Amino acid sequence: GQITGSFDRREAFELANVLENPLRAPLHIVYSTDVDPTLGRDSIRSGILAAIYGVVAVAVFMLVYYLLSGAVALAALMLNIIILLGVMCSIGTTLTLPGIAGIVLTIGMAVDANVLIFERIREEQAAGKSMSGAIAAGYEKAFGTIFDSNLTTLIASVILIFMGTGPVKGFGITLTVGVLISMFTALVVT
């Protein structure tokens with residue numbers, strides 16, 4: 001800090017001593033407020049629970065509606081989450097509420113890609129194709145839609161990384177990594 005004025009050397013020395021000396025008058029606390037990290041911890045816990053409930057609900061839906069294909073999609077989704085968390089740990093990101101939101105959005109996009117593929121496969125089977133032909137055609141026809149939706153999300157998430165700060169940037173990083181991993185798991189793993 002700097003104090004300006006027209007002081008001589010003695011006045012400046014006295015002022016410095018006054019500012020550096022501890023208070024001689026007793027201190028009486030009139031009001032005190034504490035802020036501790038439990039609020040943030042509770043928010044993170046709530047976010048993680050919401051993500052777990054979401055994954056369980058999605059898993060039940062996929063298993064009931066798509067049966068064996070749903071089990072394959074669920075295995076790919078679990079691998080997606082494991083890879084995502086591994087990448088997030090390796091780049092040293094902190095798990096925050098926006099990060100959890102990015103993970104949940106990644107889960108939704110991964111399931112969306114699988115639903116598109118499975119519905120295309122059903123359409124191809126209804127058209128009379130064999131199972132292997134229906135799978136090949138389903139992936140081929142769904143690829144364009146999956147690629148477009150993931151590319152537009154990737155563009156938005158990269159913009160969030162470069163234009164955002166703090167939590168917004170964290171969300172963008174999580175979403176970017178998640179989109180890339182969900183493309184891999186939806187098109188290669190399943």
# chains A, B, ... in the order shown; residues from 1 in each chain; ligands from 1
>>> residues_around(residues="A:Leu77", least_positions_apart="4", cutoff="12 Å", atoms="only C-alpha atoms", output="JSON, numbers by chain")
{"A": [55, 56, 58, 59, 62, 70, 71, 72, 73, 81, 82, 83, 84, 103, 104, 106, 107, 108, 109, 110, 111, 112, 113, 114, 178, 181, 182, 183, 184, 185, 186, 187, 189, 190]}
>>> residues_around(residues="A:Thr153", least_positions_apart="4", cutoff="8 Å", atoms="only C-alpha atoms", output="list in words")
Ser149, Ser157 and Val179 of chain A
>>> closest_residue(among="A:Leu79, A:Pro98, A:Glu14, A:Ile3", to="A:Ile44", atoms="only C-alpha atoms")
A:Pro98
>>> residues_around(residues="A:Ile161", least_positions_apart="4", cutoff="10 Å", atoms="only C-alpha atoms", output="short mmCIF file (atom, residue, chain, number, x, y, z; two decimals) with N, CA and C atoms, in the first residue's frame")
data_model
loop_
_atom_site.label_atom_id
_atom_site.label_comp_id
_atom_site.auth_asym_id
_atom_site.auth_seq_id
_atom_site.Cartn_x
_atom_site.Cartn_y
_atom_site.Cartn_z
N ALA A 156 -20.00 -26.00 -29.63
CA ALA A 156 -20.46 -25.19 -28.51
C ALA A 156 -19.58 -25.38 -27.28
N SER A 157 -19.15 -26.61 -27.02
CA SER A 157 -18.34 -26.85 -25.82
C SER A 157 -16.94 -26.24 -25.96
N THR A 165 -15.24 -18.74 -18.19
CA THR A 165 -14.29 -18.73 -17.08
C THR A 165 -14.86 -19.60 -15.97
N GLY A 166 -14.00 -20.12 -15.13
CA GLY A 166 -14.41 -20.86 -13.95
C GLY A 166 -15.32 -22.03 -14.25
N PRO A 167 -16.51 -22.04 -13.64
CA PRO A 167 -17.41 -23.17 -13.80
C PRO A 167 -17.85 -23.41 -15.26
N VAL A 168 -18.03 -22.35 -16.02
CA VAL A 168 -18.44 -22.49 -17.42
C VAL A 168 -17.36 -23.20 -18.21
N LYS A 169 -16.12 -22.82 -17.96
CA LYS A 169 -14.99 -23.46 -18.64
C LYS A 169 -14.89 -24.94 -18.23
N GLY A 170 -15.10 -25.23 -16.95
CA GLY A 170 -15.09 -26.61 -16.47
C GLY A 170 -16.17 -27.45 -17.12
N PHE A 171 -17.35 -26.87 -17.26
CA PHE A 171 -18.44 -27.57 -17.95
C PHE A 171 -18.06 -27.85 -19.40
N GLY A 172 -17.45 -26.85 -20.06
CA GLY A 172 -17.04 -27.02 -21.45
C GLY A 172 -15.99 -28.11 -21.61
N ILE A 173 -15.03 -28.17 -20.69
CA ILE A 173 -14.00 -29.21 -20.75
C ILE A 173 -14.62 -30.59 -20.57
N THR A 174 -15.48 -30.73 -19.57
CA THR A 174 -16.13 -32.02 -19.32
C THR A 174 -16.97 -32.43 -20.51
N LEU A 175 -17.71 -31.50 -21.07
CA LEU A 175 -18.57 -31.81 -22.20
C LEU A 175 -17.75 -32.18 -23.44
N THR A 176 -16.66 -31.47 -23.69
CA THR A 176 -15.82 -31.78 -24.84
C THR A 176 -15.25 -33.19 -24.75
#
>>> closest_residue(among="A:Ile121, A:Leu154, A:Ile100, A:Ala50", to="A:Tyr139", atoms="only C-alpha atoms")
A:Ile121
>>> atom_distance(atom1="atom CA of A:Ala126", atom2="atom CA of A:Glu140")
16.5 Å
>>> decode(residues="stretch 89-115 of chain A", atoms="N, CA and C atoms", output="PDB file, in the first residue's frame")
ATOM      1  N   CYS A  89      -9.485 -37.200 -14.478  1.00  0.00           N
ATOM      2  CA  CYS A  89      -8.452 -37.306 -13.435  1.00  0.00           C
ATOM      3  C   CYS A  89      -7.067 -37.080 -14.016  1.00  0.00           C
ATOM      4  N   SER A  90      -6.822 -37.595 -15.216  1.00  0.00           N
ATOM      5  CA  SER A  90      -5.483 -37.477 -15.792  1.00  0.00           C
ATOM      6  C   SER A  90      -5.148 -36.037 -16.187  1.00  0.00           C
ATOM      7  N   ILE A  91      -6.157 -35.224 -16.516  1.00  0.00           N
ATOM      8  CA  ILE A  91      -5.869 -33.835 -16.848  1.00  0.00           C
ATOM      9  C   ILE A  91      -6.014 -32.923 -15.636  1.00  0.00           C
ATOM     10  N   GLY A  92      -6.312 -33.521 -14.483  1.00  0.00           N
ATOM     11  CA  GLY A  92      -6.299 -32.774 -13.227  1.00  0.00           C
ATOM     12  C   GLY A  92      -7.485 -31.859 -13.001  1.00  0.00           C
ATOM     13  N   THR A  93      -8.658 -32.213 -13.499  1.00  0.00           N
ATOM     14  CA  THR A  93      -9.819 -31.363 -13.258  1.00  0.00           C
ATOM     15  C   THR A  93     -10.460 -31.708 -11.922  1.00  0.00           C
ATOM     16  N   THR A  94     -11.116 -30.737 -11.343  1.00  0.00           N
ATOM     17  CA  THR A  94     -11.818 -30.917 -10.087  1.00  0.00           C
ATOM     18  C   THR A  94     -13.281 -31.189 -10.383  1.00  0.00           C
ATOM     19  N   LEU A  95     -13.858 -32.144  -9.654  1.00  0.00           N
ATOM     20  CA  LEU A  95     -15.269 -32.465  -9.857  1.00  0.00           C
ATOM     21  C   LEU A  95     -16.126 -31.387  -9.199  1.00  0.00           C
ATOM     22  N   THR A  96     -16.761 -30.575 -10.026  1.00  0.00           N
ATOM     23  CA  THR A  96     -17.632 -29.501  -9.551  1.00  0.00           C
ATOM     24  C   THR A  96     -19.043 -29.768 -10.045  1.00  0.00           C
ATOM     25  N   LEU A  97     -19.966 -28.936  -9.595  1.00  0.00           N
ATOM     26  CA  LEU A  97     -21.351 -29.089 -10.037  1.00  0.00           C
ATOM     27  C   LEU A  97     -21.477 -28.951 -11.551  1.00  0.00           C
ATOM     28  N   PRO A  98     -20.847 -27.961 -12.194  1.00  0.00           N
ATOM     29  CA  PRO A  98     -20.905 -27.900 -13.657  1.00  0.00           C
ATOM     30  C   PRO A  98     -20.260 -29.122 -14.322  1.00  0.00           C
ATOM     31  N   GLY A  99     -19.212 -29.659 -13.704  1.00  0.00           N
ATOM     32  CA  GLY A  99     -18.590 -30.873 -14.235  1.00  0.00           C
ATOM     33  C   GLY A  99     -19.533 -32.055 -14.182  1.00  0.00           C
ATOM     34  N   ILE A 100     -20.270 -32.166 -13.081  1.00  0.00           N
ATOM     35  CA  ILE A 100     -21.258 -33.238 -12.957  1.00  0.00           C
ATOM     36  C   ILE A 100     -22.342 -33.052 -14.012  1.00  0.00           C
ATOM     37  N   ALA A 101     -22.750 -31.807 -14.251  1.00  0.00           N
ATOM     38  CA  ALA A 101     -23.744 -31.539 -15.295  1.00  0.00           C
ATOM     39  C   ALA A 101     -23.216 -31.964 -16.664  1.00  0.00           C
ATOM     40  N   GLY A 102     -21.927 -31.728 -16.916  1.00  0.00           N
ATOM     41  CA  GLY A 102     -21.326 -32.163 -18.175  1.00  0.00           C
ATOM     42  C   GLY A 102     -21.327 -33.673 -18.309  1.00  0.00           C
ATOM     43  N   ILE A 103     -21.085 -34.373 -17.203  1.00  0.00           N
ATOM     44  CA  ILE A 103     -21.111 -35.836 -17.219  1.00  0.00           C
ATOM     45  C   ILE A 103     -22.525 -36.334 -17.507  1.00  0.00           C
ATOM     46  N   VAL A 104     -23.512 -35.729 -16.864  1.00  0.00           N
ATOM     47  CA  VAL A 104     -24.908 -36.136 -17.089  1.00  0.00           C
ATOM     48  C   VAL A 104     -25.312 -35.881 -18.540  1.00  0.00           C
ATOM     49  N   LEU A 105     -24.922 -34.749 -19.095  1.00  0.00           N
ATOM     50  CA  LEU A 105     -25.225 -34.462 -20.496  1.00  0.00           C
ATOM     51  C   LEU A 105     -24.525 -35.451 -21.414  1.00  0.00           C
ATOM     52  N   THR A 106     -23.304 -35.835 -21.078  1.00  0.00           N
ATOM     53  CA  THR A 106     -22.581 -36.842 -21.854  1.00  0.00           C
ATOM     54  C   THR A 106     -23.323 -38.171 -21.827  1.00  0.00           C
ATOM     55  N   ILE A 107     -23.836 -38.550 -20.672  1.00  0.00           N
ATOM     56  CA  ILE A 107     -24.604 -39.796 -20.560  1.00  0.00           C
ATOM     57  C   ILE A 107     -25.827 -39.733 -21.462  1.00  0.00           C
ATOM     58  N   GLY A 108     -26.522 -38.607 -21.432  1.00  0.00           N
ATOM     59  CA  GLY A 108     -27.701 -38.452 -22.289  1.00  0.00           C
ATOM     60  C   GLY A 108     -27.358 -38.539 -23.766  1.00  0.00           C
ATOM     61  N   MET A 109     -26.258 -37.928 -24.163  1.00  0.00           N
ATOM     62  CA  MET A 109     -25.868 -37.958 -25.571  1.00  0.00           C
ATOM     63  C   MET A 109     -25.430 -39.356 -25.999  1.00  0.00           C
ATOM     64  N   ALA A 110     -24.763 -40.085 -25.094  1.00  0.00           N
ATOM     65  CA  ALA A 110     -24.347 -41.450 -25.412  1.00  0.00           C
ATOM     66  C   ALA A 110     -25.561 -42.351 -25.591  1.00  0.00           C
ATOM     67  N   VAL A 111     -26.541 -42.200 -24.732  1.00  0.00           N
ATOM     68  CA  VAL A 111     -27.763 -42.999 -24.846  1.00  0.00           C
ATOM     69  C   VAL A 111     -28.527 -42.604 -26.107  1.00  0.00           C
ATOM     70  N   ASP A 112     -28.559 -41.322 -26.423  1.00  0.00           N
ATOM     71  CA  ASP A 112     -29.226 -40.847 -27.629  1.00  0.00           C
ATOM     72  C   ASP A 112     -28.618 -41.493 -28.873  1.00  0.00           C
ATOM     73  N   ALA A 113     -27.310 -41.579 -28.925  1.00  0.00           N
ATOM     74  CA  ALA A 113     -26.643 -42.205 -30.072  1.00  0.00           C
ATOM     75  C   ALA A 113     -27.029 -43.678 -30.179  1.00  0.00           C
ATOM     76  N   ASN A 114     -27.063 -44.368 -29.034  1.00  0.00           N
ATOM     77  CA  ASN A 114     -27.447 -45.780 -29.058  1.00  0.00           C
ATOM     78  C   ASN A 114     -28.895 -45.972 -29.477  1.00  0.00           C
ATOM     79  N   VAL A 115     -29.776 -45.113 -29.020  1.00  0.00           N
ATOM     80  CA  VAL A 115     -31.183 -45.203 -29.411  1.00  0.00           C
ATOM     81  C   VAL A 115     -31.324 -45.003 -30.921  1.00  0.00           C
TER      82      VAL A 115
END
